[in-house]
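Text of my_file_14.tsv (TSV, C-alpha atoms) as supplied:
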chain	number	residue	atom	x	y	z
A	659	MET	CA	-7.06	-133.15	-133.96
A	660	LEU	CA	-8.71	-136.57	-133.96
A	661	GLY	CA	-9.41	-136.51	-130.23
A	662	PHE	CA	-6.31	-138.54	-129.42
A	663	THR	CA	-2.60	-137.89	-129.25
A	664	ASN	CA	-0.56	-139.50	-132.01
A	665	ASP	CA	0.88	-141.95	-129.49
A	666	GLN	CA	-2.62	-142.92	-128.39
A	667	ILE	CA	-3.66	-143.56	-131.99
A	668	TYR	CA	-0.75	-145.97	-132.36
A	669	ARG	CA	-1.13	-147.52	-128.90
A	670	TYR	CA	-4.85	-148.22	-129.29
A	671	SER	CA	-4.91	-148.77	-133.07
A	672	ARG	CA	-5.91	-152.43	-132.77
A	673	HIS	CA	-8.90	-151.36	-130.72
A	674	ILE	CA	-9.84	-148.45	-132.95
A	675	ILE	CA	-9.82	-150.75	-135.99
A	676	LEU	CA	-12.44	-153.01	-134.37
A	677	PRO	CA	-15.93	-152.14	-135.65
A	678	ASP	CA	-17.40	-152.50	-132.13
A	679	VAL	CA	-14.80	-150.22	-130.54
A	680	GLY	CA	-13.59	-147.48	-132.88
A	681	GLY	CA	-12.48	-144.08	-131.64
A	682	SER	CA	-15.71	-143.57	-129.70
A	683	GLY	CA	-15.28	-146.87	-127.83
A	684	GLN	CA	-11.66	-146.11	-127.04
A	685	LYS	CA	-12.72	-142.75	-125.62
A	686	LYS	CA	-15.23	-144.55	-123.38
A	687	LEU	CA	-12.40	-146.77	-122.11
A	688	LEU	CA	-10.19	-143.75	-121.43
A	689	LYS	CA	-12.97	-142.08	-119.45
A	690	ALA	CA	-13.95	-145.22	-117.51
A	691	ARG	CA	-13.34	-145.62	-113.78
A	692	VAL	CA	-12.91	-149.20	-112.57
A	693	LEU	CA	-12.25	-150.38	-109.02
A	694	LEU	CA	-10.28	-153.56	-108.47
A	695	VAL	CA	-10.77	-155.21	-105.11
A	696	GLY	CA	-7.44	-156.91	-104.59
A	697	ALA	CA	-4.15	-156.78	-106.48
A	698	GLY	CA	-3.37	-160.47	-106.20
A	699	GLY	CA	-3.90	-163.44	-108.49
A	700	LEU	CA	-7.13	-162.24	-110.10
A	701	GLY	CA	-6.43	-158.53	-109.83
A	702	SER	CA	-3.09	-158.85	-111.62
A	703	PRO	CA	-4.26	-159.90	-115.09
A	704	THR	CA	-7.38	-157.77	-114.79
A	705	ALA	CA	-5.36	-154.68	-113.89
A	706	MET	CA	-2.73	-155.27	-116.56
A	707	TYR	CA	-5.17	-155.87	-119.42
A	708	LEU	CA	-7.41	-152.98	-118.40
A	709	ALA	CA	-4.35	-150.75	-118.11
A	710	ALA	CA	-3.08	-151.88	-121.50
A	711	ALA	CA	-6.55	-151.23	-122.92
A	712	GLY	CA	-6.40	-147.64	-121.70
A	713	VAL	CA	-9.04	-147.74	-118.97
A	714	GLY	CA	-8.42	-144.24	-117.69
A	715	THR	CA	-8.78	-144.68	-113.95
A	716	LEU	CA	-7.99	-147.86	-112.07
A	717	GLY	CA	-8.68	-147.82	-108.35
A	718	ILE	CA	-7.04	-150.60	-106.39
A	719	VAL	CA	-7.99	-151.72	-102.91
A	720	GLU	CA	-5.15	-153.65	-101.31
A	721	PHE	CA	-3.55	-153.51	-97.88
A	722	ASP	CA	-1.12	-156.44	-98.14
A	723	THR	CA	2.59	-156.59	-98.90
A	724	VAL	CA	4.23	-158.69	-101.60
A	725	ASP	CA	5.30	-162.13	-100.42
A	726	LEU	CA	7.63	-164.48	-102.29
A	727	SER	CA	4.82	-167.05	-102.50
A	728	ASN	CA	2.65	-164.54	-104.42
A	729	LEU	CA	4.94	-164.44	-107.44
A	730	GLN	CA	3.86	-167.85	-108.76
A	731	ARG	CA	0.63	-166.18	-110.03
A	732	GLN	CA	0.45	-162.45	-109.19
A	733	LEU	CA	1.99	-160.90	-112.28
A	734	LEU	CA	1.72	-157.30	-111.08
A	735	HIS	CA	4.56	-157.99	-108.67
A	736	HIS	CA	8.17	-158.90	-109.31
A	737	THR	CA	10.96	-160.45	-107.29
A	738	ARG	CA	12.40	-157.05	-106.44
A	739	ASP	CA	9.03	-156.05	-104.95
A	740	VAL	CA	8.99	-158.64	-102.17
A	741	GLY	CA	8.27	-156.81	-98.94
A	742	ARG	CA	6.82	-153.72	-100.65
A	743	LEU	CA	3.19	-152.70	-100.41
A	744	LYS	CA	1.30	-154.47	-103.18
A	745	ILE	CA	-0.47	-151.27	-104.03
A	746	ASP	CA	2.84	-149.50	-104.73
A	747	SER	CA	4.18	-152.42	-106.72
A	748	ALA	CA	0.92	-152.62	-108.70
A	749	ALA	CA	0.95	-148.89	-109.45
A	750	ASP	CA	4.55	-149.07	-110.70
A	751	THR	CA	3.75	-151.98	-113.02
A	752	ILE	CA	0.64	-150.27	-114.39
A	753	ASN	CA	2.36	-146.92	-114.89
A	754	ALA	CA	5.25	-148.61	-116.69
A	755	LEU	CA	2.76	-150.32	-118.98
A	756	ASN	CA	0.59	-147.32	-119.78
A	757	PRO	CA	1.08	-143.77	-118.56
A	758	ASP	CA	-2.47	-142.90	-119.74
A	759	VAL	CA	-3.83	-144.74	-116.71
A	760	THR	CA	-4.34	-142.98	-113.39
A	761	VAL	CA	-3.97	-145.40	-110.50
A	762	VAL	CA	-5.88	-144.52	-107.35
A	763	LYS	CA	-4.47	-146.32	-104.32
A	764	HIS	CA	-6.84	-147.43	-101.57
A	765	GLN	CA	-4.54	-148.95	-98.99
A	766	VAL	CA	-7.25	-150.10	-96.61
A	767	VAL	CA	-8.96	-153.21	-95.32
A	768	LEU	CA	-12.46	-152.92	-96.73
A	769	ASP	CA	-15.19	-152.90	-94.10
A	770	SER	CA	-18.71	-151.63	-93.60
A	771	THR	CA	-17.44	-148.19	-92.59
A	772	ASN	CA	-15.37	-147.37	-95.67
A	773	ILE	CA	-16.60	-149.36	-98.66
A	774	MET	CA	-19.49	-147.12	-99.75
A	775	GLU	CA	-17.26	-144.06	-99.79
A	776	ILE	CA	-14.66	-145.92	-101.89
A	777	ILE	CA	-16.95	-147.47	-104.50
A	778	LYS	CA	-19.08	-144.40	-105.13
A	779	ASP	CA	-16.55	-142.87	-107.53
A	780	TYR	CA	-16.35	-145.92	-109.82
A	781	ASP	CA	-18.47	-147.19	-112.72
A	782	ILE	CA	-17.66	-150.88	-112.31
A	783	ILE	CA	-16.31	-152.95	-109.41
A	784	VAL	CA	-14.15	-156.02	-110.01
A	785	ASN	CA	-13.93	-158.67	-107.32
A	786	GLY	CA	-10.53	-160.25	-106.89
A	787	THR	CA	-10.82	-161.00	-103.21
A	788	ASP	CA	-9.73	-164.25	-101.61
A	789	ASN	CA	-12.11	-164.38	-98.65
A	790	PHE	CA	-15.80	-164.65	-97.87
A	791	PRO	CA	-16.32	-161.63	-95.62
A	792	THR	CA	-15.00	-159.27	-98.30
A	793	ARG	CA	-16.93	-161.11	-101.03
A	794	TYR	CA	-20.22	-160.60	-99.17
A	795	LEU	CA	-19.34	-157.07	-98.18
A	796	VAL	CA	-18.49	-156.08	-101.76
A	797	ASN	CA	-21.63	-157.77	-103.08
A	798	ASP	CA	-23.93	-156.03	-100.63
A	799	ALA	CA	-22.24	-152.66	-101.15
A	800	CYS	CA	-22.62	-152.99	-104.93
A	801	VAL	CA	-26.31	-153.85	-104.53
A	802	PHE	CA	-26.84	-150.79	-102.30
A	803	ALA	CA	-24.80	-148.51	-104.60
A	804	LYS	CA	-26.39	-150.00	-107.76
A	805	LYS	CA	-23.00	-150.80	-109.28
A	806	PRO	CA	-22.21	-153.73	-111.57
A	807	LEU	CA	-19.83	-156.24	-109.98
A	808	VAL	CA	-17.61	-158.39	-112.17
A	809	ASP	CA	-16.97	-161.38	-109.98
A	810	GLY	CA	-14.30	-164.06	-110.14
A	811	SER	CA	-13.01	-166.78	-107.87
A	812	ILE	CA	-10.43	-169.54	-108.04
A	813	PHE	CA	-9.61	-172.69	-106.14
A	814	MET	CA	-6.96	-175.29	-106.90
A	815	PHE	CA	-7.65	-176.07	-110.60
A	816	GLU	CA	-11.12	-174.54	-110.89
A	817	GLY	CA	-12.42	-171.05	-111.34
A	818	GLN	CA	-15.65	-169.14	-111.88
A	819	ALA	CA	-16.64	-165.81	-113.31
A	820	THR	CA	-19.91	-163.94	-113.58
A	821	VAL	CA	-21.41	-160.45	-113.57
A	822	PHE	CA	-23.71	-159.39	-110.76
A	823	ASP	CA	-25.91	-156.41	-111.48
A	824	ALA	CA	-28.95	-156.37	-109.22
A	825	ALA	CA	-29.83	-152.82	-110.29
A	826	HIS	CA	-30.44	-154.05	-113.85
A	827	ASP	CA	-32.49	-157.20	-113.28
A	828	GLY	CA	-29.45	-159.39	-112.67
A	829	PRO	CA	-28.78	-161.62	-109.70
A	830	CYS	CA	-26.36	-160.82	-106.91
A	831	TYR	CA	-23.98	-163.10	-105.03
A	832	ARG	CA	-26.57	-163.71	-102.29
A	833	CYS	CA	-29.10	-164.91	-104.88
A	834	LEU	CA	-26.64	-167.76	-105.33
A	835	PHE	CA	-25.35	-168.08	-101.76
A	836	PRO	CA	-27.57	-166.23	-99.28
A	837	THR	CA	-25.17	-166.56	-96.32
A	838	PRO	CA	-21.49	-167.35	-95.89
A	839	PRO	CA	-20.49	-170.88	-94.95
A	840	PRO	CA	-19.31	-171.35	-91.37
A	841	PRO	CA	-15.64	-170.47	-90.87
A	842	GLY	CA	-13.43	-173.54	-91.20
A	843	GLU	CA	-15.83	-175.41	-93.45
A	844	VAL	CA	-13.89	-174.65	-96.60
A	845	PRO	CA	-10.11	-174.79	-96.99
A	846	SER	CA	-8.23	-171.65	-97.93
A	847	CYS	CA	-6.02	-171.21	-100.95
A	848	GLN	CA	-3.09	-171.22	-98.57
A	849	GLU	CA	-4.04	-174.71	-97.44
A	850	ALA	CA	-5.28	-176.11	-100.73
A	851	GLY	CA	-3.04	-174.45	-103.31
A	852	VAL	CA	-3.90	-172.90	-106.64
A	853	LEU	CA	-2.56	-173.42	-110.13
A	854	GLY	CA	-0.62	-170.27	-110.97
A	855	VAL	CA	-2.08	-169.82	-114.45
A	856	LEU	CA	-5.69	-170.23	-113.27
A	857	PRO	CA	-6.16	-166.64	-112.08
A	858	GLY	CA	-4.66	-165.58	-115.41
A	859	ILE	CA	-7.63	-167.19	-117.17
A	860	ILE	CA	-10.35	-166.04	-114.78
A	861	GLY	CA	-8.90	-162.54	-114.28
A	862	SER	CA	-8.63	-162.11	-118.05
A	863	ILE	CA	-12.29	-163.12	-118.44
A	864	GLN	CA	-13.16	-160.51	-115.82
A	865	ALA	CA	-11.19	-157.92	-117.80
A	866	ILE	CA	-13.14	-158.79	-120.95
A	867	GLU	CA	-16.45	-158.45	-119.10
A	868	VAL	CA	-15.39	-155.05	-117.77
A	869	MET	CA	-14.51	-153.86	-121.26
A	870	LYS	CA	-17.82	-155.10	-122.69
A	871	LEU	CA	-19.73	-153.27	-119.97
A	872	ILE	CA	-17.81	-150.06	-120.67
A	873	LEU	CA	-18.31	-150.39	-124.43
A	874	GLY	CA	-21.92	-151.53	-124.13
A	875	LYS	CA	-21.21	-154.38	-126.52
A	876	GLY	CA	-21.89	-158.11	-126.54
A	877	ASP	CA	-23.66	-160.31	-124.01
A	878	SER	CA	-22.27	-160.03	-120.51
A	879	LEU	CA	-22.08	-162.87	-118.00
A	880	LYS	CA	-25.01	-161.32	-116.14
A	881	GLY	CA	-27.26	-164.20	-115.15
A	882	ARG	CA	-24.68	-166.77	-116.19
A	883	LEU	CA	-21.98	-168.42	-114.12
A	884	LEU	CA	-19.00	-169.51	-116.19
A	885	LEU	CA	-17.13	-172.45	-114.69
A	886	PHE	CA	-13.62	-173.39	-115.74
A	887	ASP	CA	-11.92	-176.68	-114.94
A	888	ALA	CA	-8.24	-176.53	-115.85
A	889	LEU	CA	-7.58	-180.25	-115.37
A	890	ALA	CA	-10.42	-181.28	-117.66
A	891	MET	CA	-9.75	-178.16	-119.77
A	892	GLU	CA	-13.45	-177.53	-119.88
A	893	PHE	CA	-15.73	-174.53	-119.69
A	894	ARG	CA	-19.31	-174.95	-118.52
A	895	GLU	CA	-22.04	-172.43	-117.99
A	896	MET	CA	-24.98	-172.29	-115.61
A	897	GLN	CA	-27.92	-169.97	-115.60
A	898	VAL	CA	-28.16	-167.92	-112.42
A	899	GLN	CA	-31.60	-166.47	-111.75
A	900	LYS	CA	-32.35	-163.43	-109.69
A	901	ASP	CA	-33.88	-164.78	-106.46
A	902	PRO	CA	-37.06	-162.88	-105.50
A	903	ASN	CA	-36.38	-164.04	-101.92
A	904	CYS	CA	-32.78	-162.84	-101.91
A	905	PRO	CA	-32.01	-161.32	-98.51
A	906	VAL	CA	-30.33	-158.27	-100.05
A	907	CYS	CA	-31.69	-157.69	-103.58
A	908	GLY	CA	-35.01	-159.60	-103.41
A	909	GLU	CA	-38.54	-158.21	-103.24
A	910	HIS	CA	-38.56	-158.07	-99.43
A	911	PRO	CA	-34.93	-157.73	-98.40
A	912	THR	CA	-33.97	-158.49	-94.82
A	913	ILE	CA	-30.46	-157.06	-95.05
A	914	HIS	CA	-30.47	-153.28	-95.08
A	915	GLU	CA	-27.00	-152.59	-93.73
A	916	LEU	CA	-23.52	-153.80	-94.50
A	917	ILE	CA	-22.25	-156.69	-92.40
A	918	ASP	CA	-18.68	-157.30	-91.24
A	919	TYR	CA	-18.42	-161.07	-91.06
A	920	GLU	CA	-15.67	-162.69	-89.05
A	921	GLN	CA	-12.50	-162.90	-91.16
A	922	PHE	CA	-11.75	-166.27	-92.61
A	923	CYS	CA	-10.36	-167.44	-95.89
A	924	GLY	CA	-11.72	-169.75	-98.56
A	925	VAL	CA	-13.86	-169.87	-101.65
A	926	PRO	CA	-17.55	-170.53	-102.00
A	927	PHE	CA	-18.22	-173.73	-103.88
A	928	PRO	CA	-14.98	-175.40	-104.75
A	929	GLU	CA	-15.92	-179.04	-104.48
A	930	ASN	CA	-18.96	-179.15	-106.67
A	931	PRO	CA	-20.24	-175.91	-108.12
A	932	ALA	CA	-22.94	-177.74	-110.09
A	933	GLN	CA	-24.39	-179.16	-106.90
A	934	ALA	CA	-24.42	-175.75	-105.29
A	935	ALA	CA	-26.30	-174.37	-108.26
A	936	LEU	CA	-28.77	-177.26	-108.07
A	937	LYS	CA	-29.43	-176.41	-104.45
A	938	HIS	CA	-30.13	-172.91	-105.62
A	939	GLN	CA	-32.59	-174.13	-108.24
A	940	GLU	CA	-34.29	-176.38	-105.68
A	941	ARG	CA	-34.82	-173.35	-103.50
A	942	GLU	CA	-36.59	-171.70	-106.37
A	943	LEU	CA	-38.95	-174.64	-106.73
A	944	VAL	CA	-40.18	-174.37	-103.17
A	945	PRO	CA	-43.60	-172.68	-103.25
A	946	ALA	CA	-43.67	-169.32	-101.53
B	999	MET	CA	6.23	-155.32	-159.23
B	1000	SER	CA	4.55	-154.32	-156.00
B	1001	ARG	CA	2.42	-156.96	-154.32
B	1002	TRP	CA	-0.16	-154.24	-153.84
B	1003	THR	CA	-2.34	-153.32	-156.78
B	1004	PRO	CA	-4.73	-150.52	-155.93
B	1005	ILE	CA	-7.94	-150.45	-157.92
B	1006	GLU	CA	-8.33	-147.05	-159.52
B	1007	ILE	CA	-11.77	-145.50	-159.23
B	1008	HIS	CA	-12.49	-142.11	-160.75
B	1009	ALA	CA	-14.49	-139.85	-158.49
B	1010	PRO	CA	-17.18	-137.64	-160.03
B	1011	ALA	CA	-15.52	-134.45	-161.24
B	1012	ASP	CA	-17.84	-132.00	-159.47
B	1013	LEU	CA	-17.39	-133.60	-156.04
B	1014	ALA	CA	-16.80	-131.22	-153.12
B	1015	ALA	CA	-15.06	-132.71	-150.11
B	1016	ASP	CA	-16.16	-131.66	-146.63
B	1017	GLU	CA	-12.75	-132.59	-145.20
B	1018	THR	CA	-9.35	-133.41	-146.64
B	1019	PHE	CA	-6.66	-135.27	-144.75
B	1020	ASP	CA	-3.02	-135.61	-145.76
B	1021	LEU	CA	-1.78	-139.00	-144.59
B	1022	LYS	CA	1.47	-139.00	-146.53
B	1023	GLY	CA	4.20	-140.63	-144.46
B	1024	GLU	CA	1.71	-142.95	-142.74
B	1025	VAL	CA	1.57	-146.68	-143.43
B	1026	CYS	CA	-1.00	-149.42	-142.85
B	1027	PRO	CA	-2.90	-149.84	-140.67
B	1028	TYR	CA	-2.54	-146.26	-139.44
B	1029	THR	CA	-3.74	-144.74	-142.70
B	1030	PHE	CA	-7.01	-146.57	-142.13
B	1031	VAL	CA	-7.08	-145.90	-138.37
B	1032	LYS	CA	-6.70	-142.15	-138.93
B	1033	SER	CA	-9.21	-142.12	-141.79
B	1034	LYS	CA	-11.68	-143.95	-139.56
B	1035	LEU	CA	-11.14	-141.50	-136.70
B	1036	MET	CA	-11.64	-138.57	-139.06
B	1037	LEU	CA	-14.90	-140.07	-140.36
B	1038	GLU	CA	-16.11	-140.58	-136.79
B	1039	MET	CA	-15.88	-136.81	-136.31
B	1040	MET	CA	-17.92	-136.12	-139.44
B	1041	GLU	CA	-21.64	-136.34	-140.18
B	1042	SER	CA	-23.33	-139.13	-142.09
B	1043	GLY	CA	-23.29	-138.42	-145.83
B	1044	GLN	CA	-20.29	-136.06	-145.65
B	1045	ILE	CA	-17.33	-136.60	-147.94
B	1046	LEU	CA	-13.71	-137.10	-146.88
B	1047	GLN	CA	-10.67	-137.07	-149.14
B	1048	VAL	CA	-7.45	-138.61	-147.85
B	1049	ILE	CA	-4.08	-138.64	-149.55
B	1050	VAL	CA	-1.77	-141.61	-149.05
B	1051	ASP	CA	1.69	-142.15	-150.54
B	1052	ASN	CA	1.98	-145.92	-150.83
B	1053	ASP	CA	0.28	-148.66	-152.82
B	1054	GLU	CA	-0.44	-150.78	-149.75
B	1055	SER	CA	-2.59	-148.03	-148.24
B	1056	ALA	CA	-4.21	-147.25	-151.60
B	1057	THR	CA	-5.17	-150.94	-151.79
B	1058	ASN	CA	-6.27	-151.55	-148.20
B	1059	VAL	CA	-7.80	-148.29	-147.00
B	1060	PRO	CA	-10.64	-148.26	-149.59
B	1061	LYS	CA	-11.39	-151.92	-148.75
B	1062	SER	CA	-11.46	-151.31	-145.01
B	1063	LEU	CA	-13.59	-148.18	-145.37
B	1064	THR	CA	-16.04	-150.15	-147.52
B	1065	ASN	CA	-16.11	-153.02	-144.99
B	1066	GLU	CA	-17.24	-150.53	-142.36
B	1067	GLY	CA	-20.20	-149.55	-144.53
B	1068	ASN	CA	-18.88	-146.33	-146.08
B	1069	THR	CA	-19.03	-145.64	-149.82
B	1070	VAL	CA	-15.74	-145.21	-151.63
B	1071	LEU	CA	-16.41	-142.74	-154.45
B	1072	GLY	CA	-12.87	-142.46	-155.76
B	1073	ASN	CA	-9.36	-143.87	-155.55
B	1074	GLU	CA	-7.16	-141.91	-157.94
B	1075	ARG	CA	-3.44	-141.85	-158.60
B	1076	ILE	CA	-2.40	-138.20	-158.44
B	1077	ASN	CA	1.36	-138.64	-159.08
B	1078	ASP	CA	4.05	-141.34	-159.03
B	1079	THR	CA	3.44	-142.25	-155.39
B	1080	ASP	CA	0.31	-140.56	-154.12
B	1081	TRP	CA	-3.32	-141.61	-154.20
B	1082	MET	CA	-6.43	-139.62	-153.35
B	1083	ILE	CA	-9.16	-141.68	-151.73
B	1084	THR	CA	-12.65	-140.15	-151.68
B	1085	VAL	CA	-15.15	-141.66	-149.26
B	1086	GLN	CA	-18.68	-140.81	-148.21
B	1087	LYS	CA	-19.49	-141.54	-144.57
B	1088	LYS	CA	-22.26	-144.07	-144.01
Give the structure from the file, written as structure tokens.
Amino acid sequence: MLGFTNDQIYRYSRHIILPDVGGSGQKKLLKARVLLVGAGGLGSPTAMYLAAAGVGTLGIVEFDTVDLSNLQRQLLHHTRDVGRLKIDSAADTINALNPDVTVVKHQVVLDSTNIMEIIKDYDIIVNGTDNFPTRYLVNDACVFAKKPLVDGSIFMFEGQATVFDAAHDGPCYRCLFPTPPPPGEVPSCQEAGVLGVLPGIIGSIQAIEVMKLILGKGDSLKGRLLLFDALAMEFREMQVQKDPNCPVCGEHPTIHELIDYEQFCGVPFPENPAQAALKHQERELVPA
Amino acid sequence: MSRWTPIEIHAPADLAADETFDLKGEVCPYTFVKSKLMLEMMESGQILQVIVDNDESATNVPKSLTNEGNTVLGNERINDTDWMITVQKK
């Protein structure tokens, strides 16, 4: 009679009480369709909090199987799941948490031939990928499809989160980093390690940004890069401008099609994110 | 003595409620949650009467409804346990 089942009223009561959510906001969450790219370190907390929040449809793109070394940080998966498809393990965890959520399994390796078809059915895309080719592919696809992309990345003790939304005056990933670094230039998480809790922080921030976008409340991380240093226990923030010369979302784009870069693993600016951002700003100072 | 002391407010006698909602058996915060959901389905200016059967709800629900900008017109004890809260939607 109130637009919810009695169980839903109890389950989501702490949301409904919030002035900025209420019943109408909770209904938006239940109707929302969010795609998670990856069900690993970042995708785990994002998926679990969005599921708990009652986001009605969670698509998950993941082709991998659960490995024992994943369990140090990937909370969607449990010891008994080792060897199973991550997507099955993730769906079981989500369904056990909240039966209101419909999980859509995309057990594929994303590439230029399938990504547009997959993302078209979703309102928001969440990046939890661990490699550059997918990061660029997802970015470019979201620019082309005019979808907001809630981005996150982690490396050793440091992480970053931001919102890319080129369709609404925001920057995209290529505004920050126009082209991928050469393969081999950056170490992978496998080689460098990652603090298990770190994706819990960054993935949870991504989940918050997703919820704010769905609710239309607050100030998103669009145009801001949030940097987290776990060792210093410090958050910093940098402004990220939309680059008019961006190869994909700029005024005269040079990239008109999706690109399948050679597969390699790593993260974009682990050693000194501030320096990378400075480089970006310097680019902006160069007269056209 | 109960730690909850509802403040009694007498609603105008000729008030006509647009909706009434029996929330007996419900406790905090669900009495407020359900009142809030009911108000969300009503129009601005309309009047809702809810009945609660415990002092905690009779104390907290009028406060919470007021905090959200609504106008509490009445909070009346109607028998040993029950209270009738009358609220106008903002």
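The interface of chain B with chain A at 12 Å, considering only C-alpha atoms, consists of Phe1019, Glu1024, Val1025, Cys1026, Pro1027, Tyr1028, Thr1029, Phe1030, Val1031, Lys1032, Ser1033, Lys1034, Leu1035, Met1036, Leu1037, Glu1038, Met1039, Met1040, Val1059, Ser1062, Leu1063, Asn1065, Glu1066 and Gly1067 of chain B.
Counting from CA of Pro703 in chain A, the distance to CA of Asp918 in chain A is 28.0 Å.
The interatomic distance for the pair CA of Tyr919 in chain A and CA of Glu720 in chain A works out to 18.3 Å.
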Residues within 9 Å of Gln1044 in chain B, all atoms listed in the file, excluding chain neighbours under 5 positions, as a ChimeraX atom specification: /B:1015-1017,1037,1085-1088
Is it possible to get the residues within 8 Å of (-5.5, -149.6, -152.3) (coordinates as in the file, counting all atoms listed in the file) written as a PDB file with C-alpha atoms, keeping the file's coordinate frame?
ATOM      1  CA  TRP B1002      -0.160-154.240-153.840  1.00  0.00           C
ATOM      2  CA  THR B1003      -2.340-153.320-156.780  1.00  0.00           C
ATOM      3  CA  PRO B1004      -4.730-150.520-155.930  1.00  0.00           C
ATOM      4  CA  ILE B1005      -7.940-150.450-157.920  1.00  0.00           C
ATOM      5  CA  ASP B1053       0.280-148.660-152.820  1.00  0.00           C
ATOM      6  CA  GLU B1054      -0.440-150.780-149.750  1.00  0.00           C
ATOM      7  CA  SER B1055      -2.590-148.030-148.240  1.00  0.00           C
ATOM      8  CA  ALA B1056      -4.210-147.250-151.600  1.00  0.00           C
ATOM      9  CA  THR B1057      -5.170-150.940-151.790  1.00  0.00           C
ATOM     10  CA  ASN B1058      -6.270-151.550-148.200  1.00  0.00           C
ATOM     11  CA  VAL B1059      -7.800-148.290-147.000  1.00  0.00           C
ATOM     12  CA  PRO B1060     -10.640-148.260-149.590  1.00  0.00           C
ATOM     13  CA  LYS B1061     -11.390-151.920-148.750  1.00  0.00           C
ATOM     14  CA  ASN B1073      -9.360-143.870-155.550  1.00  0.00           C
TER      15      ASN B1073
END
Long-range neighbours of range 872-883 of chain A as a count of residues only, 10 Å cut-off, only C-alpha atoms, 5 positions minimum in chain: 47
Contacts of Leu1071 in chain B at 8 Å (only C-alpha atoms; same-chain gap of 4+ positions) as a PyMOL selection string: chain B and resi 1007-1010+1083-1086
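Note that the spacing between CA of Leu693 in chain A and CA of Asp665 in chain A amounts to 25.7 Å.
Candidate residues A:Gln666, A:Asn785, A:Thr760, A:Thr723 were compared for distance to Ala865 in chain A, and the nearest is A:Asn785, using only C-alpha atoms.
Each of B:Val1050, B:Ala1011, B:Val1070, B:Ile1045 was compared to Gly1023 in chain B using all atoms listed in the file, and B:Val1050 turns out to be the nearest.
With all atoms listed in the file as the atoms that count, the minimum distance from Pro838 in chain A to the choices A:Asp725, A:Asp769, A:Glu909, A:Glu920 is reached by A:Glu920.
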Nearest residue to Ile745 in chain A from the set A:Asp758, A:Asn772, A:Ala709, A:Ala697 (distances using all atoms listed in the file): A:Ala697
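Across B:Gln1047, B:Asn1077, B:Ser1042, B:Ser1000, the tightest approach to Thr1018 in chain B is made by B:Gln1047 when counting only C-alpha atoms.
Residues lying within 9 Å of Asn756 in chain A, counting only C-alpha atoms and ignoring same-chain neighbours fewer than 6 positions away, are A:Ala709, A:Ala710, A:Ala711, A:Gly712.
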Residue with smallest distance to Asp788 in chain A - pool A:Lys744, A:Leu734, A:Leu700, A:Gly908, counting all atoms listed in the file: A:Leu700
Reconstruct N, CA and C atoms of range 1045-1056 of chain B; output as a PDB file, keeping the file's coordinate frame.
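The resulting selection31.pdb:
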ATOM      1  N   ILE B1045     -18.366-136.015-147.094  1.00  0.00           N
ATOM      2  CA  ILE B1045     -17.330-136.600-147.940  1.00  0.00           C
ATOM      3  C   ILE B1045     -15.932-136.231-147.440  1.00  0.00           C
ATOM      4  N   LEU B1046     -15.102-137.261-147.331  1.00  0.00           N
ATOM      5  CA  LEU B1046     -13.710-137.100-146.880  1.00  0.00           C
ATOM      6  C   LEU B1046     -12.778-137.504-148.008  1.00  0.00           C
ATOM      7  N   GLN B1047     -11.725-136.679-148.209  1.00  0.00           N
ATOM      8  CA  GLN B1047     -10.670-137.070-149.140  1.00  0.00           C
ATOM      9  C   GLN B1047      -9.376-137.241-148.353  1.00  0.00           C
ATOM     10  N   VAL B1048      -8.741-138.402-148.499  1.00  0.00           N
ATOM     11  CA  VAL B1048      -7.450-138.610-147.850  1.00  0.00           C
ATOM     12  C   VAL B1048      -6.398-138.886-148.921  1.00  0.00           C
ATOM     13  N   ILE B1049      -5.193-138.402-148.621  1.00  0.00           N
ATOM     14  CA  ILE B1049      -4.080-138.640-149.550  1.00  0.00           C
ATOM     15  C   ILE B1049      -3.088-139.575-148.871  1.00  0.00           C
ATOM     16  N   VAL B1050      -2.770-140.659-149.552  1.00  0.00           N
ATOM     17  CA  VAL B1050      -1.770-141.610-149.050  1.00  0.00           C
ATOM     18  C   VAL B1050      -0.656-141.719-150.079  1.00  0.00           C
ATOM     19  N   ASP B1051       0.543-142.159-149.621  1.00  0.00           N
ATOM     20  CA  ASP B1051       1.690-142.150-150.540  1.00  0.00           C
ATOM     21  C   ASP B1051       2.281-143.526-150.770  1.00  0.00           C
ATOM     22  N   ASN B1052       1.453-144.574-150.550  1.00  0.00           N
ATOM     23  CA  ASN B1052       1.980-145.920-150.830  1.00  0.00           C
ATOM     24  C   ASN B1052       0.866-146.813-151.337  1.00  0.00           C
ATOM     25  N   ASP B1053       1.259-147.782-152.167  1.00  0.00           N
ATOM     26  CA  ASP B1053       0.280-148.660-152.820  1.00  0.00           C
ATOM     27  C   ASP B1053      -0.469-149.536-151.813  1.00  0.00           C
ATOM     28  N   GLU B1054       0.234-149.926-150.738  1.00  0.00           N
ATOM     29  CA  GLU B1054      -0.440-150.780-149.750  1.00  0.00           C
ATOM     30  C   GLU B1054      -1.653-150.064-149.167  1.00  0.00           C
ATOM     31  N   SER B1055      -1.467-148.800-148.785  1.00  0.00           N
ATOM     32  CA  SER B1055      -2.590-148.030-148.240  1.00  0.00           C
ATOM     33  C   SER B1055      -3.662-147.794-149.295  1.00  0.00           C
ATOM     34  N   ALA B1056      -3.234-147.514-150.537  1.00  0.00           N
ATOM     35  CA  ALA B1056      -4.210-147.250-151.600  1.00  0.00           C
ATOM     36  C   ALA B1056      -5.013-148.507-151.936  1.00  0.00           C
TER      37      ALA B1056
END
